[in-house]
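**Q** One file: my_file08.cif (mmCIF, C-alpha atoms).
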data_structure
loop_
_atom_site.group_PDB
_atom_site.id
_atom_site.type_symbol
_atom_site.label_atom_id
_atom_site.label_comp_id
_atom_site.auth_asym_id
_atom_site.auth_seq_id
_atom_site.Cartn_x
_atom_site.Cartn_y
_atom_site.Cartn_z
ATOM 1 C CA GLN A 221 0.000 0.000 0.000
ATOM 2 C CA LEU A 222 1.386 3.362 -0.990
ATOM 3 C CA GLN A 223 1.585 5.734 1.956
ATOM 4 C CA LEU A 224 3.125 9.088 2.659
ATOM 5 C CA VAL A 225 3.914 9.974 6.249
ATOM 6 C CA GLU A 226 4.762 13.521 7.295
ATOM 7 C CA SER A 227 6.615 14.469 10.451
ATOM 8 C CA GLY A 228 8.463 17.425 11.908
ATOM 9 C CA GLY A 229 5.653 19.869 12.512
ATOM 10 C CA GLY A 230 5.323 21.841 15.711
ATOM 11 C CA SER A 231 5.123 25.278 17.242
ATOM 12 C CA VAL A 232 7.779 27.902 16.666
ATOM 13 C CA GLN A 233 8.198 31.630 17.153
ATOM 14 C CA PRO A 234 8.328 34.003 14.190
ATOM 15 C CA GLY A 235 11.750 33.890 12.602
ATOM 16 C CA GLY A 236 12.281 30.304 13.656
ATOM 17 C CA SER A 237 12.869 27.197 11.589
ATOM 18 C CA LEU A 238 11.398 23.743 11.151
ATOM 19 C CA ARG A 239 12.211 20.834 8.887
ATOM 20 C CA LEU A 240 9.364 18.681 7.687
ATOM 21 C CA SER A 241 9.950 15.147 6.482
ATOM 22 C CA CYS A 242 7.837 13.061 4.142
ATOM 23 C CA ALA A 243 8.576 9.351 4.222
ATOM 24 C CA ALA A 244 7.558 7.639 0.978
ATOM 25 C CA PRO A 245 8.826 4.055 1.253
ATOM 26 C CA GLY A 246 6.563 2.527 -1.417
ATOM 27 C CA PHE A 247 7.119 5.152 -4.086
ATOM 28 C CA SER A 248 9.417 5.196 -7.051
ATOM 29 C CA PHE A 249 10.887 8.686 -7.111
ATOM 30 C CA ASP A 250 11.773 8.418 -10.770
ATOM 31 C CA ARG A 251 8.082 8.193 -11.704
ATOM 32 C CA HIS A 252 6.580 10.383 -9.012
ATOM 33 C CA PHE A 253 7.193 13.975 -8.227
ATOM 34 C CA ILE A 254 6.563 15.055 -4.657
ATOM 35 C CA GLY A 255 4.915 18.226 -3.512
ATOM 36 C CA TRP A 256 4.269 20.014 -0.266
ATOM 37 C CA PHE A 257 0.928 21.714 0.261
ATOM 38 C CA ARG A 258 -0.614 23.555 3.178
ATOM 39 C CA GLN A 259 -4.065 24.441 4.336
ATOM 40 C CA ALA A 260 -4.914 27.048 6.930
ATOM 41 C CA PRO A 261 -8.334 27.158 8.635
ATOM 42 C CA GLY A 262 -10.954 28.601 6.333
ATOM 43 C CA LYS A 263 -8.593 28.697 3.368
ATOM 44 C CA GLU A 264 -8.068 26.552 0.307
ATOM 45 C CA ARG A 265 -5.194 24.135 0.086
ATOM 46 C CA GLU A 266 -2.242 25.785 -1.604
ATOM 47 C CA GLY A 267 0.884 24.413 -3.187
ATOM 48 C CA VAL A 268 4.082 25.328 -1.387
ATOM 49 C CA SER A 269 6.876 23.497 -3.188
ATOM 50 C CA CYS A 270 7.576 20.480 -5.353
ATOM 51 C CA ILE A 271 10.530 18.499 -6.619
ATOM 52 C CA SER A 272 10.603 16.782 -9.988
ATOM 53 C CA SER A 273 10.979 13.048 -10.383
ATOM 54 C CA SER A 274 14.510 13.579 -11.720
ATOM 55 C CA GLY A 275 15.266 15.466 -8.524
ATOM 56 C CA LEU A 276 16.845 18.215 -10.586
ATOM 57 C CA SER A 277 14.023 20.740 -10.671
ATOM 58 C CA THR A 278 12.120 22.436 -7.906
ATOM 59 C CA LYS A 279 9.298 24.931 -7.733
ATOM 60 C CA TYR A 280 8.151 27.265 -4.967
ATOM 61 C CA ALA A 281 5.155 29.411 -4.236
ATOM 62 C CA ASP A 282 6.038 33.111 -4.286
ATOM 63 C CA SER A 283 5.106 33.387 -0.617
ATOM 64 C CA VAL A 284 7.892 31.008 0.448
ATOM 65 C CA LYS A 285 10.658 31.693 -2.081
ATOM 66 C CA GLY A 286 13.956 32.365 -0.381
ATOM 67 C CA ARG A 287 12.727 30.920 2.918
ATOM 68 C CA PHE A 288 11.787 27.299 2.168
ATOM 69 C CA THR A 289 13.919 24.632 0.520
ATOM 70 C CA ILE A 290 12.737 21.265 -0.740
ATOM 71 C CA SER A 291 15.123 18.348 -1.059
ATOM 72 C CA ARG A 292 15.050 14.608 -1.155
ATOM 73 C CA ASP A 293 17.116 11.640 -0.077
ATOM 74 C CA SER A 294 16.413 8.896 -2.608
ATOM 75 C CA ALA A 295 18.157 6.230 -0.550
ATOM 76 C CA LYS A 296 15.915 7.001 2.421
ATOM 77 C CA LYS A 297 12.849 7.559 0.211
ATOM 78 C CA THR A 298 12.271 10.796 2.079
ATOM 79 C CA VAL A 299 11.531 14.335 0.953
ATOM 80 C CA TYR A 300 12.259 17.294 3.203
ATOM 81 C CA LEU A 301 10.964 20.816 3.471
ATOM 82 C CA GLN A 302 13.340 23.120 5.315
ATOM 83 C CA MET A 303 11.421 26.157 6.483
ATOM 84 C CA ASN A 304 13.367 29.181 7.694
ATOM 85 C CA ASN A 305 12.320 32.644 8.830
ATOM 86 C CA LEU A 306 8.841 31.381 9.551
ATOM 87 C CA LYS A 307 6.000 33.864 9.720
ATOM 88 C CA PRO A 308 2.595 33.660 11.420
ATOM 89 C CA GLU A 309 0.991 33.377 7.987
ATOM 90 C CA ASP A 310 2.851 30.095 7.475
ATOM 91 C CA THR A 311 0.627 28.530 10.132
ATOM 92 C CA ALA A 312 -1.248 25.632 8.522
ATOM 93 C CA VAL A 313 -1.491 21.886 8.225
ATOM 94 C CA TYR A 314 1.243 20.797 5.833
ATOM 95 C CA TYR A 315 0.732 17.835 3.541
ATOM 96 C CA CYS A 316 3.074 15.997 1.265
ATOM 97 C CA ALA A 317 1.698 14.429 -1.880
ATOM 98 C CA ALA A 318 2.882 12.313 -4.791
ATOM 99 C CA TYR A 319 2.005 12.696 -8.469
ATOM 100 C CA PHE A 320 2.496 9.739 -10.767
ATOM 101 C CA TYR A 321 3.777 10.469 -14.246
ATOM 102 C CA GLU A 322 4.477 7.681 -16.687
ATOM 103 C CA VAL A 323 7.660 9.237 -18.075
ATOM 104 C CA TYR A 324 10.758 8.537 -16.008
ATOM 105 C CA GLY A 325 12.838 11.308 -14.580
ATOM 106 C CA THR A 326 10.912 14.397 -15.597
ATOM 107 C CA MET A 327 12.349 17.862 -15.208
ATOM 108 C CA TRP A 328 9.170 19.529 -14.046
ATOM 109 C CA CYS A 329 6.544 19.479 -11.332
ATOM 110 C CA HIS A 330 3.534 21.622 -10.529
ATOM 111 C CA LEU A 331 1.702 23.005 -7.533
ATOM 112 C CA LYS A 332 -1.879 22.225 -8.471
ATOM 113 C CA ALA A 333 -3.594 20.100 -5.844
ATOM 114 C CA ASP A 334 -4.413 17.248 -8.226
ATOM 115 C CA TYR A 335 -1.834 14.812 -6.865
ATOM 116 C CA ASP A 336 -2.603 11.124 -6.661
ATOM 117 C CA TYR A 337 -1.515 10.315 -3.113
ATOM 118 C CA TRP A 338 -1.642 12.368 0.069
ATOM 119 C CA GLY A 339 -0.255 12.108 3.559
ATOM 120 C CA GLN A 340 -2.224 12.754 6.717
ATOM 121 C CA GLY A 341 -0.688 16.166 7.368
ATOM 122 C CA THR A 342 1.378 17.752 10.117
ATOM 123 C CA GLN A 343 0.523 20.956 11.968
ATOM 124 C CA VAL A 344 2.857 23.947 11.838
ATOM 125 C CA THR A 345 2.063 26.844 14.151
ATOM 126 C CA VAL A 346 4.031 30.089 14.102
ATOM 127 C CA SER A 347 3.212 32.484 16.890
ATOM 128 C CA ALA A 348 4.853 34.670 19.479
#
Represent the supplied structure as structure tokens.

**A**
Amino acid sequence: QLQLVESGGGSVQPGGSLRLSCAAPGFSFDRHFIGWFRQAPGKEREGVSCISSSGLSTKYADSVKGRFTISRDSAKKTVYLQMNNLKPEDTAVYYCAAYFYEVYGTMWCHLKADYDYWGQGTQVTVSA
């Protein structure tokens, strides 16, 4: 069974950092690109970042550019989201998701919430 498991959420003060992890043991990274999404109360789910199945391309929402970094460890089948200089508006439940694409090793990914598999989410709270 294909599962994604997020971890690393928590509470932090503005300006602080967190690193989220997404364990994807059953997935083939060369045919799935992985994305991070978030959803705040009363708001729609929004794409935050993604990494292509080749691992060579990344994409970020404008709101997190320069503060968040996505990476992956293929040996550990884990994708990370390093979040620095966190702001109160980053408060949300963060989800990782996987998108299957039949072509191996693509050089693109997208931030639309039409991914095939989703994790259960991890809460990130930024407040003073």

**Q** Which is closest to A:Lys285 among A:Ser269, A:Arg251, A:Arg239, A:Tyr335, if we use only C-alpha atoms?

**A**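 For A:Lys285, the nearest of the given residues is A:Ser269.
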
**Q** Go ahead and compute the interatomic distance for atom CA of A:Leu224 and atom CA of A:Pro245, in Å to one decimal.

**A**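 Atom CA of A:Pro245 lies 7.7 Å from atom CA of A:Leu224.
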
**Q** Identify which of the residues A:Leu306, A:Ala260, A:Tyr324, A:Asp336 lies closest to A:Gln233, counting all atoms listed in the file when measuring atom-to-atom distances.

**A**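 Among the listed residues, the smallest separation from A:Gln233 belongs to A:Leu306.
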
**Q** Take atom CA of A:Ile271 and atom CA of A:Phe257 and report the distance between them in Å, one decimal.

**A**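 Separating atom CA of A:Ile271 from atom CA of A:Phe257 is a distance of 12.2 Å.
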
**Q** Care to translate the PyMOL selection byres ((chain A and resi 321) around 6) into actual residues of this file, as a ChimeraX atom specification?

**A** /A:251-252,320,322-323

**Q** Write the residues you've just listed into a file as a compact mmCIF listing (two decimals), in the frame of the given file, and include C-alpha atoms for each of them.

**A**
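So again.txt came out as:
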# COMPACT_ATOMS: atom_id res chain seq x y z
CA ARG A 251 8.08 8.19 -11.70
CA HIS A 252 6.58 10.38 -9.01
CA PHE A 320 2.50 9.74 -10.77
CA GLU A 322 4.48 7.68 -16.69
CA VAL A 323 7.66 9.24 -18.08

**Q** At a cut-off of 10 Å around the point (6.4, 4.5, -6.4) (file coordinates), what residues fall inside when counting all atoms listed in the file? I'd like the answer as a JSON list (two decimals) with C-alpha atoms, in the frame of the given file.

**A**
[["chain", "number", "residue", "atom", "x", "y", "z"],
["A", 222, "LEU", "CA", 1.39, 3.36, -0.99],
["A", 223, "GLN", "CA", 1.58, 5.73, 1.96],
["A", 244, "ALA", "CA", 7.56, 7.64, 0.98],
["A", 245, "PRO", "CA", 8.83, 4.06, 1.25],
["A", 246, "GLY", "CA", 6.56, 2.53, -1.42],
["A", 247, "PHE", "CA", 7.12, 5.15, -4.09],
["A", 248, "SER", "CA", 9.42, 5.20, -7.05],
["A", 249, "PHE", "CA", 10.89, 8.69, -7.11],
["A", 250, "ASP", "CA", 11.77, 8.42, -10.77],
["A", 251, "ARG", "CA", 8.08, 8.19, -11.70],
["A", 252, "HIS", "CA", 6.58, 10.38, -9.01],
["A", 253, "PHE", "CA", 7.19, 13.98, -8.23],
["A", 297, "LYS", "CA", 12.85, 7.56, 0.21],
["A", 318, "ALA", "CA", 2.88, 12.31, -4.79],
["A", 319, "TYR", "CA", 2.00, 12.70, -8.47],
["A", 320, "PHE", "CA", 2.50, 9.74, -10.77]]

**Q** Counting all atoms listed in the file, which residue out of A:Thr326, A:Thr311, A:Ser237, A:Ser273 sits closest to A:Arg287?

**A**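 Checking each of A:Thr326, A:Thr311, A:Ser237, A:Ser273 against A:Arg287, counting all atoms listed in the file, the winner is A:Ser237.
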
**Q** The PyMOL selection byres ((chain A and resi 278) around 10) on the file shown: which residues, as a PyMOL selection string?

**A** chain A and resi 253-255+269-277+279-280+289-291+327-330

**Q** Taking 4 positions as the minimum chain separation for residues in the same chain, which residues sit within 12 Å of A:Gly236 when counting only C-alpha atoms? Answer as a PyMOL selection string.

**A** chain A and resi 230-232+287-288+302-308+310+344-348

**Q** Using all atoms of stretch 317-328 of chain A listed in the file and a margin of 3 Å per side, can you give the axis-aligned box centre and edge lengths in Å to one decimal, as lines of an AutoDock Vina configuration file?

**A**
center_x = 7.3
center_y = 13.6
center_z = -10.0
size_x = 17.1
size_y = 17.8
size_z = 22.2

**Q** Calculate how many Å separate atom CA of A:Ala317 from atom CA of A:Ala333, rounding to one decimal.

**A** 8.7 Å

**Q** Any chance you could resolve the PyMOL selection byres ((chain A and resi 240-243) around 6) against this file and give the residues as a PyMOL selection string?

**A** chain A and resi 224-228+239+244+298-301

**Q** Counting only C-alpha atoms, what is within 9 Å of stretch 262-266 of chain A, bar same-chain residues fewer than 3 positions away, as a list in words?

**A** Trp256, Phe257, Arg258, Gln259, Ala281, Leu331, Lys332 and Ala333 of chain A

**Q** Emit the selected residues as a short mmCIF file (atom, residue, chain, number, x, y, z; two decimals), in the coordinates of the input, including C-alpha atoms.

**A**
data_model
loop_
_atom_site.label_atom_id
_atom_site.label_comp_id
_atom_site.auth_asym_id
_atom_site.auth_seq_id
_atom_site.Cartn_x
_atom_site.Cartn_y
_atom_site.Cartn_z
CA TRP A 256 4.27 20.01 -0.27
CA PHE A 257 0.93 21.71 0.26
CA ARG A 258 -0.61 23.56 3.18
CA GLN A 259 -4.07 24.44 4.34
CA ALA A 281 5.16 29.41 -4.24
CA LEU A 331 1.70 23.00 -7.53
CA LYS A 332 -1.88 22.22 -8.47
CA ALA A 333 -3.59 20.10 -5.84
#
